[in-house]
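What's in entry-v3.txt: compact mmCIF, C-alpha atoms
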# COMPACT_ATOMS: atom_id res chain seq x y z
CA GLN A 67 0.00 0.00 0.00
CA GLN A 68 2.84 2.40 0.78
CA VAL A 69 4.36 1.86 -2.67
CA GLY A 70 0.92 2.10 -4.27
CA ALA A 71 0.27 5.41 -2.54
CA VAL A 72 3.57 6.86 -3.78
CA LEU A 73 2.92 5.58 -7.31
CA ALA A 74 -0.53 7.19 -7.24
CA MET A 75 1.15 10.44 -6.14
CA PHE A 76 3.58 10.24 -9.08
CA THR A 77 0.65 9.67 -11.41
CA ALA A 78 -1.11 12.75 -9.99
CA LEU A 79 2.06 14.82 -10.42
CA THR A 80 2.51 13.65 -14.00
CA LEU A 81 -1.11 14.37 -14.92
CA GLY A 82 -0.81 17.80 -13.32
CA ASN A 83 2.33 18.49 -15.35
CA LEU A 84 0.37 17.57 -18.48
CA GLY A 85 -2.41 20.00 -17.54
CA ARG A 86 -4.93 17.24 -16.94
CA LEU A 87 -6.01 18.67 -13.60
CA ALA A 88 -9.31 16.86 -13.09
CA GLU A 89 -7.59 13.52 -13.58
CA ALA A 90 -4.71 14.65 -11.36
CA TYR A 91 -7.14 15.52 -8.58
CA ARG A 92 -8.69 12.05 -8.74
CA TRP A 93 -5.21 10.50 -8.45
CA TRP A 94 -4.39 12.74 -5.47
CA ARG A 95 -7.55 11.46 -3.79
CA THR A 96 -6.51 7.88 -4.57
CA ALA A 97 -3.02 8.51 -3.19
CA ARG A 98 -4.48 9.91 0.06
CA GLN A 99 -6.87 6.99 0.43
CA ILE A 100 -4.18 4.37 -0.10
CA ALA A 101 -1.78 6.19 2.25
CA ASP A 102 -4.48 6.27 4.92
CA GLN A 103 -5.10 2.54 4.47
CA CYS A 104 -1.42 1.75 4.91
CA GLY A 105 -1.34 3.90 8.06
CA ASP A 106 2.25 5.10 7.60
CA ARG A 107 2.42 8.71 8.84
CA ASP A 108 5.42 9.64 6.71
CA THR A 109 3.62 8.47 3.58
CA GLN A 110 0.42 10.25 4.57
CA LEU A 111 2.30 13.49 5.23
CA THR A 112 4.44 13.25 2.11
CA ILE A 113 1.41 12.82 -0.12
CA ARG A 114 -0.67 15.51 1.54
CA GLY A 115 2.29 17.86 1.72
CA ARG A 116 3.21 17.44 -1.93
CA GLU A 117 -0.43 17.82 -2.92
CA SER A 118 -0.77 21.01 -0.89
CA VAL A 119 2.18 22.59 -2.69
CA ARG A 120 1.14 21.45 -6.14
CA ALA A 121 -2.54 22.32 -5.62
CA LEU A 122 -1.75 26.01 -5.43
CA HIS A 123 0.08 25.87 -8.75
CA GLU A 124 -2.70 23.77 -10.26
CA GLY A 125 -5.39 26.34 -9.60
CA ARG A 126 -7.04 25.09 -6.43
CA SER A 127 -8.12 27.79 -4.03
CA PRO A 128 -5.87 28.60 -1.06
CA GLN A 129 -8.85 28.05 1.27
CA ARG A 130 -9.30 24.53 -0.08
CA ILE A 131 -5.58 23.88 0.33
CA LEU A 132 -5.71 25.04 3.94
CA ARG A 133 -8.57 22.60 4.58
CA LEU A 134 -6.44 19.78 3.14
CA ILE A 135 -3.57 20.84 5.40
CA SER A 136 -5.77 21.08 8.50
CA GLU A 137 -6.86 17.49 7.91
CA ALA A 138 -3.21 16.41 7.83
CA GLU A 139 -1.82 18.46 10.74
CA PRO A 140 -2.94 15.93 13.37
CA LEU A 141 -0.56 13.49 11.63
CA GLU A 142 2.50 15.42 12.83
CA PRO A 143 5.35 12.91 12.79
CA VAL A 144 6.98 11.51 15.90
CA SER A 145 10.35 11.76 14.15
CA PRO A 146 11.45 14.23 11.44
CA SER A 147 10.43 13.34 7.90
CA ALA A 148 10.26 15.12 4.54
CA GLY A 149 6.47 15.11 4.60
CA TRP A 150 6.14 17.56 7.49
CA PRO A 151 8.17 20.40 5.95
CA GLU A 152 6.34 19.82 2.67
CA LEU A 153 3.03 20.32 4.46
CA LEU A 154 4.31 23.47 6.18
CA CYS A 155 5.56 24.71 2.82
CA GLY A 156 2.06 24.42 1.35
CA LYS A 157 0.59 26.11 4.40
CA ALA A 158 2.98 29.07 4.29
CA GLN A 159 2.40 29.56 0.56
CA ALA A 160 -1.41 29.36 0.78
CA LEU A 161 -1.48 31.81 3.69
CA ALA A 162 0.79 34.21 1.80
CA VAL A 163 -1.45 34.11 -1.27
CA LEU A 164 -4.38 34.96 0.98
CA GLY A 165 -2.42 37.91 2.40
CA ARG A 166 -2.45 36.46 5.91
CA GLY A 167 1.06 37.70 6.63
CA PRO A 168 1.51 36.96 10.34
CA GLU A 169 0.21 33.41 9.91
CA ALA A 170 2.32 32.85 6.78
CA LEU A 171 5.44 34.03 8.63
CA THR A 172 4.63 31.75 11.58
CA ALA A 173 4.30 28.81 9.18
CA LEU A 174 7.59 29.84 7.57
CA ARG A 175 9.34 29.83 10.99
CA GLU A 176 7.85 26.39 11.71
CA LEU A 177 9.08 25.23 8.30
CA SER A 178 12.61 26.48 9.01
CA ALA A 179 12.67 24.71 12.39
CA SER A 180 11.31 21.54 10.80
CA PHE A 181 13.98 21.67 8.10
CA SER A 182 16.67 22.03 10.78
CA ASP A 183 15.42 18.82 12.39
CA LEU A 184 15.58 16.73 9.22
CA PRO A 185 18.12 13.92 9.05
CA ALA A 186 21.10 14.79 6.84
CA ALA A 187 20.14 12.02 4.41
CA VAL A 188 16.83 13.80 3.71
CA ALA A 189 18.09 17.40 3.81
CA GLU A 190 21.04 16.67 1.53
CA ASP A 191 19.14 14.47 -0.93
CA ARG A 192 18.97 16.51 -4.14
CA GLN A 193 18.51 13.52 -6.44
CA SER A 194 15.50 11.71 -5.00
CA PHE A 195 12.01 13.06 -5.32
CA LEU A 196 11.48 12.09 -1.69
CA GLY A 197 14.31 14.21 -0.26
CA TRP A 198 13.78 17.73 1.05
CA PRO A 199 16.91 19.80 0.31
CA GLU A 200 17.56 23.38 1.39
CA ASN A 201 16.68 24.88 -1.99
CA ARG A 202 13.03 23.96 -1.28
CA LEU A 203 13.13 25.93 1.97
CA ARG A 204 14.67 28.95 0.23
CA PHE A 205 12.17 28.70 -2.65
CA THR A 206 9.33 28.78 -0.13
CA GLU A 207 10.85 31.76 1.67
CA SER A 208 11.13 33.56 -1.66
CA PHE A 209 7.52 32.77 -2.55
CA VAL A 210 6.12 33.85 0.82
CA TYR A 211 8.17 37.03 1.13
CA ALA A 212 7.41 38.05 -2.47
CA HIS A 213 3.66 37.53 -2.01
CA LEU A 214 3.73 39.52 1.21
CA GLY A 215 5.63 42.38 -0.44
CA ARG A 216 8.72 41.88 1.71
CA LEU A 217 11.02 42.37 -1.24
CA ALA A 218 14.38 42.67 0.53
CA GLU A 219 13.80 39.37 2.34
CA ALA A 220 12.54 37.81 -0.88
CA GLN A 221 15.73 38.86 -2.68
CA VAL A 222 17.94 37.31 0.01
CA ALA A 223 15.97 34.04 -0.17
CA GLN A 224 16.10 34.10 -3.98
CA ASP A 225 19.85 34.63 -4.05
CA ARG A 226 20.36 31.76 -1.60
CA ALA A 227 17.97 29.46 -3.47
CA ILE A 228 19.53 29.98 -6.88
CA THR A 229 22.98 28.99 -5.62
CA LEU A 230 21.55 25.73 -4.24
CA TYR A 231 20.04 24.38 -7.45
CA PRO A 232 22.16 21.82 -9.28
CA ALA A 233 23.79 22.86 -12.54
CA GLY A 234 21.70 21.83 -15.50
CA TYR A 235 18.39 22.27 -13.65
CA PRO A 236 16.91 25.50 -15.01
CA GLN A 237 13.33 25.07 -13.75
CA GLY A 238 13.94 26.06 -10.11
CA PRO A 239 15.98 29.18 -10.84
CA ALA A 240 13.50 30.21 -13.55
CA GLN A 241 10.62 29.93 -11.10
CA ILE A 242 12.60 31.97 -8.57
CA GLU A 243 13.21 34.68 -11.16
CA LEU A 244 9.47 34.82 -11.91
CA GLN A 245 8.73 35.47 -8.25
As structure tokens, how would this structure be written, given the file I've shared?
Amino acid sequence: QQVGAVLAMFTALTLGNLGRLAEAYRWWRTARQIADQCGDRDTQLTIRGRESVRALHEGRSPQRILRLISEAEPLEPVSPSAGWPELLCGKAQALAVLGRGPEALTALRELSASFSDLPAAVAEDRQSFLGWPENRLRFTESFVYAHLGRLAEAQVAQDRAITLYPAGYPQGPAQIELQ
């Protein structure tokens, strides 16, 4: 079930990348259901966290994303995992889009603390889709600060993020520049 949940997540991501959002949403729902059946908190958080981040970029409302996150927050892990910072990332971004600055900044502080607690194998994993490297933290900072109009802080986060992306990966730096 754990593998099935992750495969369903990859299917949802792929369909979203192809612009087939209704189908992607159905696969996200399937991924959540399978993750819940397997009962593994890390899997549940990873899927809900990744969905919360992608949902914003796939046109779902920030309010709907916050509901998804509130359903997952009781699953807070007993040990650090990549799913928790992913969930906090989605929360900070959705709150920033809504203009709820103090709450977005609180979520950003929680995200930073969560990132600091990650095992090195997760925080330094830039190759696996299941790692959570520092460039993701800096991207989120850039996104939140830019949406809140805190341009000096956004610029610092953007400069830090761009240096962390691997050579030959233009997507991340391009997204940062668009912010």
Atom pair atom CA of Ala101 of chain A / atom CA of Leu174 of chain A: separation (Å): 26.0 Å
Who sits within 8 Å of Cys155 of chain A, only C-alpha atoms, same chain under 3 positions skipped, as a ChimeraX atom specification: /A:115,119,151-152,158-159,173-174,177,203,206
Counting only C-alpha atoms, which residues come within 10 Å of (-5.3, 29.0, -3.9), with the point read in the file's coordinates, and could you list them as a ChimeraX atom specification? /A:118-119,121-132,159-164
Can you write just those residues out, C-alpha atoms, as a compact mmCIF listing (two decimals), in the frame of the given file?
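Resulting contents of selection.txt:
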# COMPACT_ATOMS: atom_id res chain seq x y z
CA SER A 118 -0.77 21.01 -0.89
CA VAL A 119 2.18 22.59 -2.69
CA ALA A 121 -2.54 22.32 -5.62
CA LEU A 122 -1.75 26.01 -5.43
CA HIS A 123 0.08 25.87 -8.75
CA GLU A 124 -2.70 23.77 -10.26
CA GLY A 125 -5.39 26.34 -9.60
CA ARG A 126 -7.04 25.09 -6.43
CA SER A 127 -8.12 27.79 -4.03
CA PRO A 128 -5.87 28.60 -1.06
CA GLN A 129 -8.85 28.05 1.27
CA ARG A 130 -9.30 24.53 -0.08
CA ILE A 131 -5.58 23.88 0.33
CA LEU A 132 -5.71 25.04 3.94
CA GLN A 159 2.40 29.56 0.56
CA ALA A 160 -1.41 29.36 0.78
CA LEU A 161 -1.48 31.81 3.69
CA ALA A 162 0.79 34.21 1.80
CA VAL A 163 -1.45 34.11 -1.27
CA LEU A 164 -4.38 34.96 0.98
Using all atoms listed in the file, can you tell me which of A:Leu154, A:Leu73, A:Leu81, A:Leu244 comes closest to Arg175 of chain A?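 Between A:Leu154, A:Leu73, A:Leu81, A:Leu244, the residue approaching Arg175 of chain A most closely is A:Leu154.
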Dump as a PDB file with C-alpha atoms, in the frame of the given file all residues having an atom at most 10 Å from (0.5, 20.8, 12.6), computed in the file's coordinates with all atoms listed in the file.
ATOM      1  CA  ILE A 135      -3.570  20.840   5.400  1.00  0.00           C
ATOM      2  CA  SER A 136      -5.770  21.080   8.500  1.00  0.00           C
ATOM      3  CA  GLU A 137      -6.860  17.490   7.910  1.00  0.00           C
ATOM      4  CA  ALA A 138      -3.210  16.410   7.830  1.00  0.00           C
ATOM      5  CA  GLU A 139      -1.820  18.460  10.740  1.00  0.00           C
ATOM      6  CA  PRO A 140      -2.940  15.930  13.370  1.00  0.00           C
ATOM      7  CA  LEU A 141      -0.560  13.490  11.630  1.00  0.00           C
ATOM      8  CA  GLU A 142       2.500  15.420  12.830  1.00  0.00           C
ATOM      9  CA  PRO A 143       5.350  12.910  12.790  1.00  0.00           C
ATOM     10  CA  TRP A 150       6.140  17.560   7.490  1.00  0.00           C
ATOM     11  CA  LEU A 153       3.030  20.320   4.460  1.00  0.00           C
ATOM     12  CA  LEU A 154       4.310  23.470   6.180  1.00  0.00           C
ATOM     13  CA  LYS A 157       0.590  26.110   4.400  1.00  0.00           C
ATOM     14  CA  ALA A 173       4.300  28.810   9.180  1.00  0.00           C
ATOM     15  CA  GLU A 176       7.850  26.390  11.710  1.00  0.00           C
TER      16      GLU A 176
END
Please determine, counting only C-alpha atoms, which residue among A:Leu134, A:Ala88, A:Val210, A:Leu111 has the shortest atom-to-atom distance to Ile242 of chain A.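 Ranking A:Leu134, A:Ala88, A:Val210, A:Leu111 by distance to Ile242 of chain A, first place goes to A:Val210.
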List the spatial neighbours of Pro185 of chain A as a PDB file with C-alpha atoms, keeping the file's coordinate frame - criterion: any atom at most 12 Å away, all atoms listed in the file, same-chain residues fewer than 3 positions off excluded.
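Produced file selection-v3.pdb, reproduced below:
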ATOM      1  CA  SER A 145      10.350  11.760  14.150  1.00  0.00           C
ATOM      2  CA  PRO A 146      11.450  14.230  11.440  1.00  0.00           C
ATOM      3  CA  SER A 147      10.430  13.340   7.900  1.00  0.00           C
ATOM      4  CA  ALA A 148      10.260  15.120   4.540  1.00  0.00           C
ATOM      5  CA  SER A 180      11.310  21.540  10.800  1.00  0.00           C
ATOM      6  CA  PHE A 181      13.980  21.670   8.100  1.00  0.00           C
ATOM      7  CA  SER A 182      16.670  22.030  10.780  1.00  0.00           C
ATOM      8  CA  VAL A 188      16.830  13.800   3.710  1.00  0.00           C
ATOM      9  CA  ALA A 189      18.090  17.400   3.810  1.00  0.00           C
ATOM     10  CA  GLU A 190      21.040  16.670   1.530  1.00  0.00           C
ATOM     11  CA  ASP A 191      19.140  14.470  -0.930  1.00  0.00           C
ATOM     12  CA  GLY A 197      14.310  14.210  -0.260  1.00  0.00           C
ATOM     13  CA  TRP A 198      13.780  17.730   1.050  1.00  0.00           C
ATOM     14  CA  PRO A 199      16.910  19.800   0.310  1.00  0.00           C
TER      15      PRO A 199
END
Just how far from atom CA of Gly85 of chain A is atom CA of Val69 of chain A, in Å to one decimal?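 Calculated distance between atom CA of Val69 of chain A and atom CA of Gly85 of chain A is 24.4 Å.
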One number please: atom CA of Cys104 of chain A to atom CA of Tyr91 of chain A, in Å, one decimal.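 Atom-to-atom, atom CA of Cys104 of chain A to atom CA of Tyr91 of chain A, that is 20.1 Å.
You can rank A:Glu169, A:Asp106, A:Glu243, A:Glu117 by their closest distance to Ala74 of chain A using all atoms listed in the file, and at the top of that list sits A:Glu117.
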Could you check the closest approach to Gln237 of chain A for each of A:Val144, A:Arg120, A:Phe205, A:Ser178 and tell me which residue wins, using all atoms listed in the file?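 Distance minimum relative to Gln237 of chain A lands on A:Phe205.
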A:Ala78, A:Ala240, A:Ala170, A:Leu184 ranked by distance to Tyr211 of chain A, top pick (using all atoms listed in the file):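 The closest residue to Tyr211 of chain A is A:Ala170.
Counting all atoms listed in the file and comparing A:Ala233, A:Arg204, A:Gln110, A:Gln241, the residue that lies closest to Val72 of chain A is A:Gln110.
Residues lying within 12 Å of Arg92 of chain A, counting all atoms listed in the file and ignoring same-chain neighbours fewer than 2 positions away, are Ala74, Met75, Thr77, Ala78, Leu79, Leu81, Gly82, Arg86, Leu87, Ala88, Glu89, Ala90, Trp94, Arg95, Thr96, Ala97, Arg98, Gln99 and Glu117 of chain A.
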Is it possible to dump segment 203-238 of chain A as a PDB file, in the first residue's frame, including just N, CA and C atoms?
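Done, and the output landed in out_5.pdb:
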ATOM      1  N   LEU A 203      13.388  24.968   0.906  1.00  0.00           N
ATOM      2  CA  LEU A 203      13.128  25.934   1.971  1.00  0.00           C
ATOM      3  C   LEU A 203      13.288  27.352   1.436  1.00  0.00           C
ATOM      4  N   ARG A 204      14.395  27.599   0.741  1.00  0.00           N
ATOM      5  CA  ARG A 204      14.670  28.950   0.230  1.00  0.00           C
ATOM      6  C   ARG A 204      13.644  29.357  -0.831  1.00  0.00           C
ATOM      7  N   PHE A 205      13.213  28.416  -1.671  1.00  0.00           N
ATOM      8  CA  PHE A 205      12.167  28.700  -2.654  1.00  0.00           C
ATOM      9  C   PHE A 205      10.901  29.164  -1.935  1.00  0.00           C
ATOM     10  N   THR A 206      10.535  28.441  -0.879  1.00  0.00           N
ATOM     11  CA  THR A 206       9.328  28.778  -0.129  1.00  0.00           C
ATOM     12  C   THR A 206       9.461  30.146   0.519  1.00  0.00           C
ATOM     13  N   GLU A 207      10.626  30.426   1.101  1.00  0.00           N
ATOM     14  CA  GLU A 207      10.848  31.755   1.670  1.00  0.00           C
ATOM     15  C   GLU A 207      10.654  32.828   0.606  1.00  0.00           C
ATOM     16  N   SER A 208      11.247  32.615  -0.561  1.00  0.00           N
ATOM     17  CA  SER A 208      11.135  33.562  -1.659  1.00  0.00           C
ATOM     18  C   SER A 208       9.667  33.782  -2.034  1.00  0.00           C
ATOM     19  N   PHE A 209       8.934  32.697  -2.177  1.00  0.00           N
ATOM     20  CA  PHE A 209       7.521  32.766  -2.553  1.00  0.00           C
ATOM     21  C   PHE A 209       6.728  33.561  -1.518  1.00  0.00           C
ATOM     22  N   VAL A 210       6.898  33.209  -0.253  1.00  0.00           N
ATOM     23  CA  VAL A 210       6.123  33.847   0.816  1.00  0.00           C
ATOM     24  C   VAL A 210       6.478  35.326   0.927  1.00  0.00           C
ATOM     25  N   TYR A 211       7.770  35.631   0.996  1.00  0.00           N
ATOM     26  CA  TYR A 211       8.165  37.031   1.126  1.00  0.00           C
ATOM     27  C   TYR A 211       7.716  37.856  -0.075  1.00  0.00           C
ATOM     28  N   ALA A 212       7.832  37.313  -1.271  1.00  0.00           N
ATOM     29  CA  ALA A 212       7.411  38.048  -2.466  1.00  0.00           C
ATOM     30  C   ALA A 212       5.909  38.324  -2.441  1.00  0.00           C
ATOM     31  N   HIS A 213       5.120  37.328  -2.062  1.00  0.00           N
ATOM     32  CA  HIS A 213       3.663  37.526  -2.012  1.00  0.00           C
ATOM     33  C   HIS A 213       3.246  38.485  -0.910  1.00  0.00           C
ATOM     34  N   LEU A 214       4.058  38.596   0.115  1.00  0.00           N
ATOM     35  CA  LEU A 214       3.734  39.521   1.209  1.00  0.00           C
ATOM     36  C   LEU A 214       4.326  40.907   0.982  1.00  0.00           C
ATOM     37  N   GLY A 215       5.036  41.083  -0.136  1.00  0.00           N
ATOM     38  CA  GLY A 215       5.630  42.381  -0.438  1.00  0.00           C
ATOM     39  C   GLY A 215       6.883  42.697   0.349  1.00  0.00           C
ATOM     40  N   ARG A 216       7.482  41.691   0.939  1.00  0.00           N
ATOM     41  CA  ARG A 216       8.720  41.876   1.714  1.00  0.00           C
ATOM     42  C   ARG A 216       9.891  41.609   0.762  1.00  0.00           C
ATOM     43  N   LEU A 217      10.136  42.582  -0.096  1.00  0.00           N
ATOM     44  CA  LEU A 217      11.017  42.366  -1.241  1.00  0.00           C
ATOM     45  C   LEU A 217      12.480  42.178  -0.874  1.00  0.00           C
ATOM     46  N   ALA A 218      12.976  42.856   0.135  1.00  0.00           N
ATOM     47  CA  ALA A 218      14.378  42.674   0.526  1.00  0.00           C
ATOM     48  C   ALA A 218      14.606  41.248   1.030  1.00  0.00           C
ATOM     49  N   GLU A 219      13.687  40.745   1.843  1.00  0.00           N
ATOM     50  CA  GLU A 219      13.804  39.372   2.344  1.00  0.00           C
ATOM     51  C   GLU A 219      13.629  38.368   1.204  1.00  0.00           C
ATOM     52  N   ALA A 220      12.733  38.686   0.281  1.00  0.00           N
ATOM     53  CA  ALA A 220      12.539  37.805  -0.881  1.00  0.00           C
ATOM     54  C   ALA A 220      13.826  37.721  -1.694  1.00  0.00           C
ATOM     55  N   GLN A 221      14.493  38.849  -1.886  1.00  0.00           N
ATOM     56  CA  GLN A 221      15.732  38.862  -2.678  1.00  0.00           C
ATOM     57  C   GLN A 221      16.822  38.024  -2.018  1.00  0.00           C
ATOM     58  N   VAL A 222      16.949  38.110  -0.703  1.00  0.00           N
ATOM     59  CA  VAL A 222      17.943  37.306   0.014  1.00  0.00           C
ATOM     60  C   VAL A 222      17.630  35.815  -0.175  1.00  0.00           C
ATOM     61  N   ALA A 223      16.372  35.451  -0.002  1.00  0.00           N
ATOM     62  CA  ALA A 223      15.974  34.045  -0.166  1.00  0.00           C
ATOM     63  C   ALA A 223      16.207  33.590  -1.606  1.00  0.00           C
ATOM     64  N   GLN A 224      15.904  34.447  -2.573  1.00  0.00           N
ATOM     65  CA  GLN A 224      16.097  34.096  -3.978  1.00  0.00           C
ATOM     66  C   GLN A 224      17.570  33.880  -4.294  1.00  0.00           C
ATOM     67  N   ASP A 225      18.412  34.778  -3.806  1.00  0.00           N
ATOM     68  CA  ASP A 225      19.850  34.632  -4.051  1.00  0.00           C
ATOM     69  C   ASP A 225      20.374  33.327  -3.451  1.00  0.00           C
ATOM     70  N   ARG A 226      19.920  33.005  -2.237  1.00  0.00           N
ATOM     71  CA  ARG A 226      20.358  31.763  -1.597  1.00  0.00           C
ATOM     72  C   ARG A 226      19.839  30.546  -2.353  1.00  0.00           C
ATOM     73  N   ALA A 227      18.579  30.604  -2.772  1.00  0.00           N
ATOM     74  CA  ALA A 227      17.967  29.461  -3.469  1.00  0.00           C
ATOM     75  C   ALA A 227      18.682  29.165  -4.774  1.00  0.00           C
ATOM     76  N   ILE A 228      18.940  30.187  -5.552  1.00  0.00           N
ATOM     77  CA  ILE A 228      19.530  29.985  -6.880  1.00  0.00           C
ATOM     78  C   ILE A 228      20.887  29.303  -6.785  1.00  0.00           C
ATOM     79  N   THR A 229      21.664  29.622  -5.756  1.00  0.00           N
ATOM     80  CA  THR A 229      22.980  28.986  -5.618  1.00  0.00           C
ATOM     81  C   THR A 229      22.875  27.516  -5.220  1.00  0.00           C
ATOM     82  N   LEU A 230      21.721  27.104  -4.719  1.00  0.00           N
ATOM     83  CA  LEU A 230      21.553  25.732  -4.236  1.00  0.00           C
ATOM     84  C   LEU A 230      21.042  24.761  -5.297  1.00  0.00           C
ATOM     85  N   TYR A 231      20.546  25.280  -6.410  1.00  0.00           N
ATOM     86  CA  TYR A 231      20.043  24.380  -7.452  1.00  0.00           C
ATOM     87  C   TYR A 231      21.211  23.753  -8.201  1.00  0.00           C
ATOM     88  N   PRO A 232      21.083  22.481  -8.542  1.00  0.00           N
ATOM     89  CA  PRO A 232      22.161  21.823  -9.283  1.00  0.00           C
ATOM     90  C   PRO A 232      22.311  22.407 -10.689  1.00  0.00           C
ATOM     91  N   ALA A 233      23.536  22.407 -11.166  1.00  0.00           N
ATOM     92  CA  ALA A 233      23.789  22.861 -12.535  1.00  0.00           C
ATOM     93  C   ALA A 233      22.982  21.993 -13.495  1.00  0.00           C
ATOM     94  N   GLY A 234      22.475  22.584 -14.530  1.00  0.00           N
ATOM     95  CA  GLY A 234      21.701  21.830 -15.498  1.00  0.00           C
ATOM     96  C   GLY A 234      20.235  21.671 -15.122  1.00  0.00           C
ATOM     97  N   TYR A 235      19.796  22.328 -14.045  1.00  0.00           N
ATOM     98  CA  TYR A 235      18.389  22.274 -13.654  1.00  0.00           C
ATOM     99  C   TYR A 235      17.836  23.699 -13.696  1.00  0.00           C
ATOM    100  N   PRO A 236      17.337  24.113 -14.864  1.00  0.00           N
ATOM    101  CA  PRO A 236      16.908  25.502 -15.008  1.00  0.00           C
ATOM    102  C   PRO A 236      15.522  25.819 -14.431  1.00  0.00           C
ATOM    103  N   GLN A 237      14.707  24.809 -14.171  1.00  0.00           N
ATOM    104  CA  GLN A 237      13.331  25.069 -13.749  1.00  0.00           C
ATOM    105  C   GLN A 237      13.259  25.843 -12.432  1.00  0.00           C
ATOM    106  N   GLY A 238      13.972  25.399 -11.412  1.00  0.00           N
ATOM    107  CA  GLY A 238      13.938  26.063 -10.107  1.00  0.00           C
ATOM    108  C   GLY A 238      14.372  27.515 -10.178  1.00  0.00           C
TER     109      GLY A 238
END
